[in-house]
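Undergrad: Contents of data-v7.txt (compact mmCIF, C-alpha atoms (C1' of nucleotides)):
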# COMPACT_ATOMS: atom_id res chain seq x y z
CA MET A 30 0.00 0.00 0.00
CA HIS A 31 2.84 2.34 0.77
CA SER A 32 5.33 3.20 -1.85
CA CYS A 33 8.35 4.35 0.10
CA HIS A 34 11.49 3.57 -1.83
CA GLU A 35 13.62 3.10 1.23
CA HIS A 36 11.74 2.35 4.35
CA THR A 37 14.75 3.28 6.46
CA VAL A 38 14.02 6.82 5.34
CA CYS A 39 10.52 6.61 6.78
CA ILE A 40 11.97 5.48 10.06
CA GLU A 41 14.64 8.16 10.16
CA ASP A 42 12.10 10.83 9.35
CA ALA A 43 9.76 9.64 12.05
CA LEU A 44 12.54 9.58 14.62
CA GLN A 45 13.82 13.00 13.73
CA THR A 46 10.38 14.52 13.76
CA ALA A 47 9.70 12.92 17.12
CA HIS A 48 12.98 14.26 18.44
CA ARG A 49 12.13 17.74 17.29
CA ILE A 50 8.60 17.63 18.70
CA CYS A 51 9.82 16.49 22.08
CA GLU A 52 12.45 19.19 22.12
CA GLU A 53 9.91 21.86 21.28
CA ARG A 54 7.65 20.65 24.06
CA GLY A 55 10.36 20.22 26.64
CA LEU A 56 9.85 16.47 26.79
CA ARG A 57 12.44 13.77 27.04
CA PHE A 58 12.87 11.60 24.00
CA THR A 59 14.72 8.92 25.90
CA ASP A 60 16.52 5.95 24.40
CA LEU A 61 13.69 3.68 25.37
CA ARG A 62 11.03 5.84 23.79
CA ARG A 63 13.11 6.28 20.73
CA ARG A 64 13.68 2.56 20.46
CA VAL A 65 9.98 1.75 20.84
CA LEU A 66 9.05 4.28 18.19
CA GLU A 67 11.69 2.80 15.92
CA LEU A 68 10.25 -0.67 16.40
CA VAL A 69 6.72 0.52 15.79
CA TRP A 70 7.94 2.00 12.54
CA GLU A 71 9.73 -1.12 11.41
CA ASN A 72 7.04 -1.65 8.82
CA HIS A 73 3.87 0.00 7.59
CA GLY A 74 1.67 -2.39 9.45
CA SER A 75 0.75 -2.26 13.07
CA ALA A 76 2.72 -3.62 15.98
CA LYS A 77 1.37 -5.56 18.91
CA ALA A 78 2.56 -4.48 22.33
CA TYR A 79 3.92 -7.88 23.24
CA ASP A 80 5.80 -8.16 19.98
CA LEU A 81 7.48 -4.86 20.71
CA LEU A 82 8.21 -6.17 24.16
CA GLU A 83 9.92 -9.20 22.77
CA ARG A 84 11.96 -7.29 20.24
CA LEU A 85 12.88 -4.80 22.92
CA GLY A 86 13.99 -7.53 25.26
CA GLU A 87 17.30 -7.91 23.49
CA ASP A 88 18.48 -4.51 24.65
CA TYR A 89 16.32 -3.62 27.58
CA SER A 90 15.09 -5.27 30.70
CA ALA A 91 11.66 -5.15 29.19
CA LYS A 92 8.50 -6.08 31.01
CA PRO A 93 5.00 -5.10 29.94
CA PRO A 94 4.86 -1.76 31.77
CA THR A 95 8.02 -0.71 30.01
CA VAL A 96 6.51 -0.90 26.58
CA TYR A 97 3.04 0.26 27.58
CA ARG A 98 4.48 3.34 29.21
CA ALA A 99 6.52 4.19 26.17
CA LEU A 100 3.47 3.68 23.96
CA GLU A 101 1.42 5.88 26.26
CA PHE A 102 3.97 8.65 26.01
CA LEU A 103 4.11 8.33 22.24
CA GLN A 104 0.34 8.33 21.95
CA GLU A 105 -0.04 11.37 24.17
CA ASN A 106 2.29 13.21 21.88
CA GLY A 107 0.61 12.09 18.72
CA LEU A 108 3.58 10.02 17.54
CA VAL A 109 1.75 6.73 17.65
CA HIS A 110 -1.87 5.71 17.32
CA LYS A 111 -3.65 2.74 18.73
CA ILE A 112 -5.79 0.80 16.28
CA ASN A 113 -8.64 -0.29 18.50
CA SER A 114 -10.03 -2.88 16.15
CA LEU A 115 -6.68 -4.67 16.18
CA ASN A 116 -5.32 -3.91 19.65
CA ALA A 117 -2.20 -2.77 17.92
CA TYR A 118 -0.13 0.34 17.43
CA VAL A 119 0.99 2.22 14.40
CA GLY A 120 3.39 5.12 13.89
CA CYS A 121 1.73 8.43 13.13
CA SER A 122 2.62 9.65 9.71
CA HIS A 123 1.50 13.24 10.26
CA PRO A 124 2.41 14.04 13.83
CA LEU A 125 2.06 17.75 13.35
CA GLN A 126 -1.12 18.24 11.40
CA HIS A 127 -3.63 16.80 13.79
CA GLN A 128 -7.10 17.07 12.73
CA ASP A 129 -8.97 13.86 13.16
CA CYS A 130 -7.48 11.09 11.16
CA TYR A 131 -8.72 7.77 9.92
CA PHE A 132 -7.10 4.49 9.03
CA LEU A 133 -7.28 2.26 5.99
CA ILE A 134 -6.40 -1.22 7.13
CA CYS A 135 -5.64 -3.75 4.43
CA SER A 136 -6.63 -7.23 5.48
CA LYS A 137 -4.34 -8.81 2.89
CA CYS A 138 -0.98 -7.11 3.34
CA GLN A 139 -1.77 -5.82 6.84
CA GLU A 140 -0.52 -2.39 5.96
CA ILE A 141 -2.19 0.65 7.40
CA LYS A 142 -2.54 4.01 5.78
CA GLU A 143 -3.28 6.94 8.01
CA CYS A 144 -5.12 9.85 6.48
CA CYS A 145 -5.63 13.22 8.07
CA THR A 146 -8.36 15.39 6.68
CA SER A 147 -10.82 17.94 7.89
CA GLN A 148 -13.47 15.85 6.15
CA VAL A 149 -13.56 13.62 9.20
CA ALA A 150 -14.21 16.50 11.55
CA ASN A 151 -16.93 17.77 9.22
CA VAL A 152 -18.63 14.43 9.04
CA VAL A 153 -18.45 13.96 12.77
CA LYS A 154 -20.02 17.36 13.14
CA ASN A 155 -22.86 16.30 10.87
CA LEU A 156 -23.32 13.01 12.61
CA THR A 157 -23.35 14.44 16.10
CA GLU A 158 -25.08 17.76 15.96
CA GLU A 159 -28.54 16.48 15.27
CA SER A 160 -28.16 14.57 18.55
CA SER A 161 -26.68 17.65 20.24
CA PHE A 162 -23.74 15.48 21.09
CA VAL A 163 -20.38 17.15 21.70
CA PRO A 164 -17.64 14.91 20.36
CA SER A 165 -14.20 14.78 21.87
CA ARG A 166 -12.52 11.76 20.32
CA THR A 167 -13.23 9.87 17.12
CA THR A 168 -12.20 6.40 16.07
CA LEU A 169 -12.55 5.73 12.37
CA GLU A 170 -11.02 2.51 11.15
CA ILE A 171 -11.81 1.16 7.72
CA GLU A 172 -10.87 -2.40 6.95
CA GLY A 173 -10.70 -3.64 3.38
CA ILE A 174 -8.33 -4.38 0.53
CA CYS A 175 -5.81 -1.89 -0.74
CA GLN A 176 -5.14 -1.15 -4.38
CA ASP A 177 -1.85 -3.03 -4.54
CA CYS A 178 -3.35 -6.18 -3.16
CA ARG A 179 -6.22 -6.06 -5.58
CA SER A 180 -4.13 -5.39 -8.64
CA ASN A 181 -0.93 -7.29 -7.90
CA GLN A 182 -2.28 -10.21 -6.02
CA LYS A 183 1.08 -10.01 -4.30
CA TYR A 184 0.40 -10.38 -0.65
CA ASN A 185 2.58 -10.04 2.39
CA ILE A 186 5.46 -8.49 0.58
CA ASN A 187 7.69 -6.41 2.77
CA LYS A 188 8.70 -3.35 0.90
CA SER A 189 12.08 -1.96 1.75
CA MET B 77 -29.23 10.01 26.29
CA HIS B 78 -32.07 7.63 25.57
CA SER B 79 -35.60 8.57 26.39
CA CYS B 80 -37.39 5.27 26.53
CA HIS B 81 -40.28 5.50 28.96
CA GLU B 82 -40.09 1.91 30.02
CA HIS B 83 -36.81 0.23 29.37
CA THR B 84 -38.43 -3.18 29.77
CA VAL B 85 -40.15 -2.40 26.50
CA CYS B 86 -36.79 -1.92 24.79
CA ILE B 87 -35.68 -5.28 26.10
CA GLU B 88 -38.85 -7.03 25.06
CA ASP B 89 -38.68 -5.51 21.61
CA ALA B 90 -35.07 -6.54 21.17
CA LEU B 91 -35.80 -10.09 22.27
CA GLN B 92 -38.82 -10.44 20.03
CA THR B 93 -37.01 -9.05 17.04
CA ALA B 94 -34.11 -11.38 17.69
CA HIS B 95 -36.48 -14.29 17.96
CA ARG B 96 -38.09 -13.41 14.70
CA ILE B 97 -34.78 -12.91 12.89
CA CYS B 98 -33.46 -16.25 14.06
CA GLU B 99 -36.64 -17.94 13.00
CA GLU B 100 -36.48 -16.42 9.55
CA ARG B 101 -32.89 -17.54 9.18
CA GLY B 102 -33.38 -21.01 10.56
CA LEU B 103 -31.15 -20.31 13.54
CA ARG B 104 -31.65 -21.39 17.09
CA PHE B 105 -32.41 -18.62 19.53
CA THR B 106 -31.55 -20.75 22.53
CA ASP B 107 -32.19 -19.88 26.15
CA LEU B 108 -28.56 -19.02 26.62
CA ARG B 109 -28.42 -16.69 23.64
CA ARG B 110 -31.68 -15.13 24.67
CA ARG B 111 -30.43 -14.62 28.19
CA VAL B 112 -27.17 -13.04 27.05
CA LEU B 113 -28.99 -10.69 24.73
CA GLU B 114 -31.33 -9.78 27.57
CA LEU B 115 -28.39 -8.97 29.82
CA VAL B 116 -26.68 -6.92 27.14
CA TRP B 117 -29.87 -4.92 26.85
CA GLU B 118 -30.23 -4.36 30.57
CA ASN B 119 -29.30 -0.75 30.02
CA HIS B 120 -28.38 1.60 27.23
CA GLY B 121 -24.71 1.42 28.02
CA SER B 122 -22.33 -1.27 27.00
CA ALA B 123 -21.70 -4.53 28.76
CA LYS B 124 -18.35 -6.15 29.42
CA ALA B 125 -18.08 -9.84 28.64
CA TYR B 126 -16.98 -10.78 32.13
CA ASP B 127 -19.82 -8.83 33.70
CA LEU B 128 -22.25 -10.74 31.57
CA LEU B 129 -20.48 -13.88 32.62
CA GLU B 130 -20.95 -13.06 36.26
CA ARG B 131 -24.59 -12.15 35.89
CA LEU B 132 -25.13 -15.27 33.86
CA GLY B 133 -23.48 -17.40 36.50
CA GLU B 134 -26.57 -17.43 38.66
CA ASP B 135 -28.51 -19.52 36.16
CA TYR B 136 -25.91 -21.13 33.97
CA SER B 137 -22.71 -22.98 34.42
CA ALA B 138 -21.00 -20.05 32.81
CA LYS B 139 -17.35 -19.93 31.87
CA PRO B 140 -15.79 -17.48 29.43
CA PRO B 141 -16.39 -19.48 26.25
CA THR B 142 -20.06 -19.65 27.10
CA VAL B 143 -20.55 -15.94 26.96
CA TYR B 144 -18.08 -15.29 24.14
CA ARG B 145 -19.81 -17.84 21.97
CA ALA B 146 -23.19 -16.33 22.61
CA LEU B 147 -21.80 -12.89 21.84
CA GLU B 148 -20.22 -14.21 18.67
CA PHE B 149 -23.53 -15.62 17.51
CA LEU B 150 -25.35 -12.39 18.33
CA GLN B 151 -22.73 -10.32 16.54
CA GLU B 152 -22.79 -12.50 13.45
CA ASN B 153 -26.50 -11.92 13.24
CA GLY B 154 -26.32 -8.20 13.82
CA LEU B 155 -28.05 -8.34 17.17
CA VAL B 156 -25.11 -7.05 19.14
CA HIS B 157 -22.15 -4.87 18.29
CA LYS B 158 -18.74 -4.78 19.82
CA ILE B 159 -17.47 -1.35 20.77
CA ASN B 160 -13.80 -1.71 20.05
CA SER B 161 -12.68 1.36 21.91
CA LEU B 162 -14.26 -0.02 25.09
CA ASN B 163 -13.89 -3.77 24.64
CA ALA B 164 -17.56 -3.97 25.39
CA TYR B 165 -20.79 -5.02 23.77
CA VAL B 166 -24.02 -3.21 23.06
CA GLY B 167 -27.38 -4.33 21.78
CA CYS B 168 -28.12 -3.40 18.20
CA SER B 169 -31.05 -1.06 17.98
CA HIS B 170 -31.66 -1.52 14.27
CA PRO B 171 -30.95 -5.15 13.58
CA LEU B 172 -32.70 -5.13 10.25
CA GLN B 173 -31.61 -1.98 8.53
CA HIS B 174 -27.92 -2.59 8.25
CA GLN B 175 -26.05 -0.04 6.46
CA ASP B 176 -22.95 1.01 8.29
CA CYS B 177 -23.68 2.41 11.65
CA TYR B 178 -21.79 4.54 14.11
CA PHE B 179 -21.84 5.01 17.84
CA LEU B 180 -22.12 8.04 20.05
CA ILE B 181 -20.53 7.14 23.36
CA CYS B 182 -21.19 9.47 26.27
CA SER B 183 -18.26 9.55 28.65
CA LYS B 184 -20.44 10.90 31.47
CA CYS B 185 -23.49 8.64 31.57
CA GLN B 186 -21.82 5.83 29.63
CA GLU B 187 -24.81 5.47 27.37
CA ILE B 188 -24.35 4.60 23.76
CA LYS B 189 -26.51 5.67 20.88
CA GLU B 190 -26.29 3.67 17.70
CA CYS B 191 -27.10 5.47 14.49
CA CYS B 192 -27.57 3.86 11.12
CA THR B 193 -27.34 6.08 8.11
CA SER B 194 -26.20 5.86 4.57
CA GLN B 195 -24.12 8.94 5.29
CA VAL B 196 -21.48 6.69 6.77
CA ALA B 197 -21.27 4.56 3.67
CA ASN B 198 -21.05 7.69 1.55
CA VAL B 199 -18.29 9.18 3.61
CA VAL B 200 -16.38 5.92 3.62
CA LYS B 201 -16.71 5.87 -0.13
CA ASN B 202 -15.23 9.36 -0.31
CA LEU B 203 -12.45 8.55 2.07
CA THR B 204 -11.43 5.34 0.37
CA GLU B 205 -11.87 5.82 -3.32
CA GLU B 206 -9.05 8.26 -3.80
CA SER B 207 -6.81 5.53 -2.40
CA SER B 208 -8.55 2.92 -4.56
CA PHE B 209 -9.21 1.07 -1.36
CA VAL B 210 -12.17 -1.31 -1.22
CA PRO B 211 -13.73 -1.15 2.22
CA SER B 212 -15.42 -4.11 3.84
CA ARG B 213 -15.92 -3.13 7.45
CA THR B 214 -16.04 0.24 9.15
CA THR B 215 -15.60 1.14 12.78
CA LEU B 216 -16.84 4.59 13.68
CA GLU B 217 -16.99 5.38 17.36
CA ILE B 218 -17.44 8.91 18.58
CA GLU B 219 -16.79 9.64 22.21
CA GLY B 220 -18.07 12.81 23.82
CA ILE B 221 -20.83 14.23 25.98
CA CYS B 222 -24.48 13.73 25.23
CA GLN B 223 -27.10 16.45 25.39
CA ASP B 224 -28.67 15.26 28.64
CA CYS B 225 -25.37 15.25 30.45
CA ARG B 226 -24.55 18.72 29.26
CA SER B 227 -27.89 20.25 30.11
CA ASN B 228 -28.90 18.34 33.22
CA GLN B 229 -25.58 17.75 34.81
CA LYS B 230 -27.31 14.64 36.06
CA TYR B 231 -24.87 11.84 35.59
CA ASN B 232 -25.13 8.12 35.95
CA ILE B 233 -28.87 8.05 36.21
CA ASN B 234 -30.37 4.77 35.20
CA LYS B 235 -33.49 5.44 33.26
CA SER B 236 -36.18 2.83 33.56
C1' DC C 204 28.65 20.87 43.61
C1' DT C 205 25.41 18.77 46.44
C1' DT C 206 20.95 17.96 47.93
C1' DA C 207 16.18 17.71 47.04
C1' DA C 208 12.42 17.17 43.85
C1' DT C 209 10.79 15.16 39.75
C1' DT C 210 10.62 12.08 36.09
C1' DT C 211 11.71 7.79 34.12
C1' DT C 212 12.53 3.01 34.30
C1' DG C 213 12.66 -1.57 36.73
C1' DT C 214 10.16 -5.13 39.01
C1' DT C 215 6.61 -7.92 40.98
C1' DA C 216 2.32 -9.18 40.93
C1' DC C 217 -2.04 -9.33 39.11
C1' DA C 218 -6.33 -7.88 36.44
C1' DT C 219 -8.80 -8.13 32.27
C1' DT C 220 -10.05 -9.91 27.84
C1' DA C 221 -10.21 -13.79 24.86
C1' DT C 222 -9.50 -18.45 22.64
C1' DA C 223 -8.07 -23.50 21.76
C1' DA C 224 -9.22 -28.09 22.32
C1' DC C 225 -11.84 -31.63 23.55
C1' DA C 226 -16.00 -33.71 26.10
C1' DT C 227 -20.84 -33.87 26.66
C1' DC C 228 -25.45 -32.86 25.66
C1' DA C 229 -29.47 -31.56 22.73
C1' DT C 230 -31.88 -31.30 18.42
C1' DA C 231 -33.01 -32.48 13.85
C1' DC C 232 -33.21 -35.62 10.27
C1' DC C 233 -33.46 -40.08 8.19
C1' DG D 24 -34.14 -45.26 17.37
C1' DG D 25 -29.62 -44.08 15.30
C1' DT D 26 -26.78 -40.81 13.31
C1' DA D 27 -25.25 -36.24 12.07
C1' DT D 28 -25.03 -31.66 13.39
C1' DG D 29 -24.95 -27.95 16.29
C1' DA D 30 -24.79 -26.08 21.07
C1' DT D 31 -22.95 -26.02 25.51
C1' DG D 32 -19.72 -27.56 29.27
C1' DT D 33 -15.06 -27.81 30.88
C1' DT D 34 -10.20 -27.28 31.40
C1' DA D 35 -6.50 -24.92 30.42
C1' DT D 36 -4.04 -21.21 28.67
C1' DA D 37 -3.10 -17.20 25.57
C1' DA D 38 -3.15 -12.29 24.86
C1' DT D 39 -3.66 -7.70 26.48
C1' DG D 40 -3.11 -4.36 30.00
C1' DT D 41 -2.40 -2.07 34.77
C1' DA D 42 -1.42 -1.10 39.93
C1' DA D 43 1.92 -0.33 43.18
C1' DC D 44 6.16 0.35 44.83
C1' DA D 45 11.49 0.38 44.32
C1' DA D 46 15.50 2.04 42.09
C1' DA D 47 17.81 4.93 38.94
C1' DA D 48 18.41 9.02 36.19
C1' DT D 49 17.64 13.72 35.32
C1' DT D 50 16.57 18.33 36.55
C1' DA D 51 16.07 22.16 39.71
C1' DA D 52 17.35 24.68 43.88
C1' DG D 53 20.27 26.15 47.26
Once you've parsed the file, please lay out its structure as structure tokens.
TA:
Amino acid sequence: MHSCHEHTVCIEDALQTAHRICEERGLRFTDLRRRVLELVWENHGSAKAYDLLERLGEDYSAKPPTVYRALEFLQENGLVHKINSLNAYVGCSHPLQHQDCYFLICSKCQEIKECCTSQVANVVKNLTEESSFVPSRTTLEIEGICQDCRSNQKYNINKS
Amino acid sequence: MHSCHEHTVCIEDALQTAHRICEERGLRFTDLRRRVLELVWENHGSAKAYDLLERLGEDYSAKPPTVYRALEFLQENGLVHKINSLNAYVGCSHPLQHQDCYFLICSKCQEIKECCTSQVANVVKNLTEESSFVPSRTTLEIEGICQDCRSNQKYNINKS
DNA sequence: CTTAATTTTGTTACATTATAACATCATACC
DNA sequence: GGTATGATGTTATAATGTAACAAAATTAAG
């Protein structure tokens, strides 16, 4: 679904942006947090907490709270999102422009595309105001098949 | 959020509709399934699986698979929905008209309003087609404060 | 610089949510 | 009635997540 030429570039970008954001906000982008974000970004799919834990274990004395706390920090700062329908976590691809975003989840290649658009906020407005409901947080997750998987029939390919 | 005069009527309606749907589809609306659906409908909030389990325990030899299987059956037949952001289950209020639906989740009174509208399908179409993504399942959960809770400041009232 | 306050991480223990696998029971169909 | 199918019971365990307190690291204050 994603067409990054070199995925290492995605990772580097994400880490640098995160570094910058933390600096601007006076937050500590510790080794652990950096490492967890790096692992989350290892591909364009989502990562399960206990998988991160395992991969982290090589370098850190990692128990569940370790990884959940790092994920919490990253989520609070918009660097990672939780995909509720999967109980999994995905790196945020637009950590600065935060309107509501939504996720396209491909059930073939497992990749996830995050889209940020004011359309979501507009729709939510429409859908809530006739009930006089004041929204604070929106979860919009769309599962289906991405273009690549439909056209290529090449599934589960890890792009570099 | 909901203004049913007699909630027992909601429950009865839900059970009768479920009964009818199962009959039409040649499915067995067993005592257990009926009882679980009844418990899910006990209020307009959502029910946690293990709470259902406990409440079920009085009448049934209930262990986790018992309740999860009943919930699975009810979900498959559109009688119950899972709210992913809460890991909880809610009775479907429109089991027959199934376009995509969305949920308004009040974080004060915990009630959940399910809305079914073609708007959701339309929006999903908009949001996916520029990515040539073919959607199959949509999760749209909107958390916020309902009108009653804003105006009354009466929280956690169980309406009959 | 040294101490005190704060934040982060480690650690133990446990809570919550969910499923696999196989046994038993009930129902439907021949 | 006997057999096939579906539903439930049962045991065990997997997967996900958190509370509570201890230790270490960092920052702030004197």
Undergrad: What's the separation between CA of Ile221 (chain B) and CA of Glu159 (chain A), in Å to one decimal place?
TA: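 We find that CA of Ile221 (chain B) and CA of Glu159 (chain A) lie 13.4 Å from each other.
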Undergrad: List the neighbours of region 26-38 of chain D out to 9 Å using all atoms listed in the file; skip same-chain residues closer than 4 positions along the sequence, and give me the result as a short mmCIF file (atom, residue, chain, number, x, y, z; two decimals) with C-alpha atoms (C1' of nucleotides), keeping the file's coordinate frame.
TA:
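File out_24.cif, as written:
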data_model
loop_
_atom_site.label_atom_id
_atom_site.label_comp_id
_atom_site.auth_asym_id
_atom_site.auth_seq_id
_atom_site.Cartn_x
_atom_site.Cartn_y
_atom_site.Cartn_z
CA TYR A 79 3.92 -7.88 23.24
CA THR B 106 -31.55 -20.75 22.53
CA SER B 137 -22.71 -22.98 34.42
CA ALA B 138 -21.00 -20.05 32.81
CA LYS B 139 -17.35 -19.93 31.87
CA THR B 142 -20.06 -19.65 27.10
"C1'" DT C 220 -10.05 -9.91 27.84
"C1'" DA C 221 -10.21 -13.79 24.86
"C1'" DT C 222 -9.50 -18.45 22.64
"C1'" DA C 223 -8.07 -23.50 21.76
"C1'" DC C 225 -11.84 -31.63 23.55
"C1'" DA C 226 -16.00 -33.71 26.10
"C1'" DT C 227 -20.84 -33.87 26.66
"C1'" DC C 228 -25.45 -32.86 25.66
"C1'" DA C 229 -29.47 -31.56 22.73
"C1'" DT C 230 -31.88 -31.30 18.42
"C1'" DA C 231 -33.01 -32.48 13.85
"C1'" DC C 232 -33.21 -35.62 10.27
"C1'" DC C 233 -33.46 -40.08 8.19
#
Undergrad: Based on only C-alpha atoms (C1' of nucleotides), which of the residues in chain A come within 12 Å of chain C? I want them as a ChimeraX atom specification.
TA: /A:56-62,89-99,102,116
Undergrad: Enclose the full set of atoms of region 72-85 of chain A listed in the file within a box whose edges lie along x, y and z, apply 6 Å of padding to each of the six sides, and report centre and edge lengths in Å to one decimal as AutoDock Vina command-line options.
TA:
--center_x 6.8 --center_y -4.6 --center_z 15.9 --size_x 24.1 --size_y 21.2 --size_z 28.6
Undergrad: Residues of chain A within 9 Å of chain B, using all atoms listed in the file, as number ranges by chain?
TA: A: 112-116, 131, 133-135, 144, 148-149, 152-153, 156-157, 160-177, 179
Undergrad: Residues near Ala76 (chain A), anyone? I mean within 7 Å using all atoms listed in the file, not counting same-chain ones fewer than 3 positions away, as a list in words.
TA: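 Result of the neighbour search: Val69, Asp80, Leu81, Ala117, Tyr118 and Val119 of chain A.
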Undergrad: Provide the CA of Arg131 (chain B) to CA of Val85 (chain B) distance in Å, to one decimal place.
TA: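 Separation between CA of Arg131 (chain B) and CA of Val85 (chain B): 20.6 Å.
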Undergrad: To one decimal in Å, tell me the separation between CA of Ala90 (chain B) and CA of Cys177 (chain B).
TA: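 Separation between CA of Ala90 (chain B) and CA of Cys177 (chain B): 17.3 Å.
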Undergrad: For a quick test of understanding: name the residues of chain D lying within 10 Å of chain A when counting all atoms listed in the file, and present them as a PDB file with C-alpha atoms (C1' of nucleotides), in the frame of the given file.
TA:
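Now in out.pdb:
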ATOM      1  C1'  DA D  38      -3.150 -12.290  24.860  1.00  0.00           C
ATOM      2  C1'  DT D  39      -3.660  -7.700  26.480  1.00  0.00           C
ATOM      3  C1'  DG D  40      -3.110  -4.360  30.000  1.00  0.00           C
ATOM      4  C1'  DT D  41      -2.400  -2.070  34.770  1.00  0.00           C
ATOM      5  C1'  DT D  49      17.640  13.720  35.320  1.00  0.00           C
TER       6       DT D  49
END
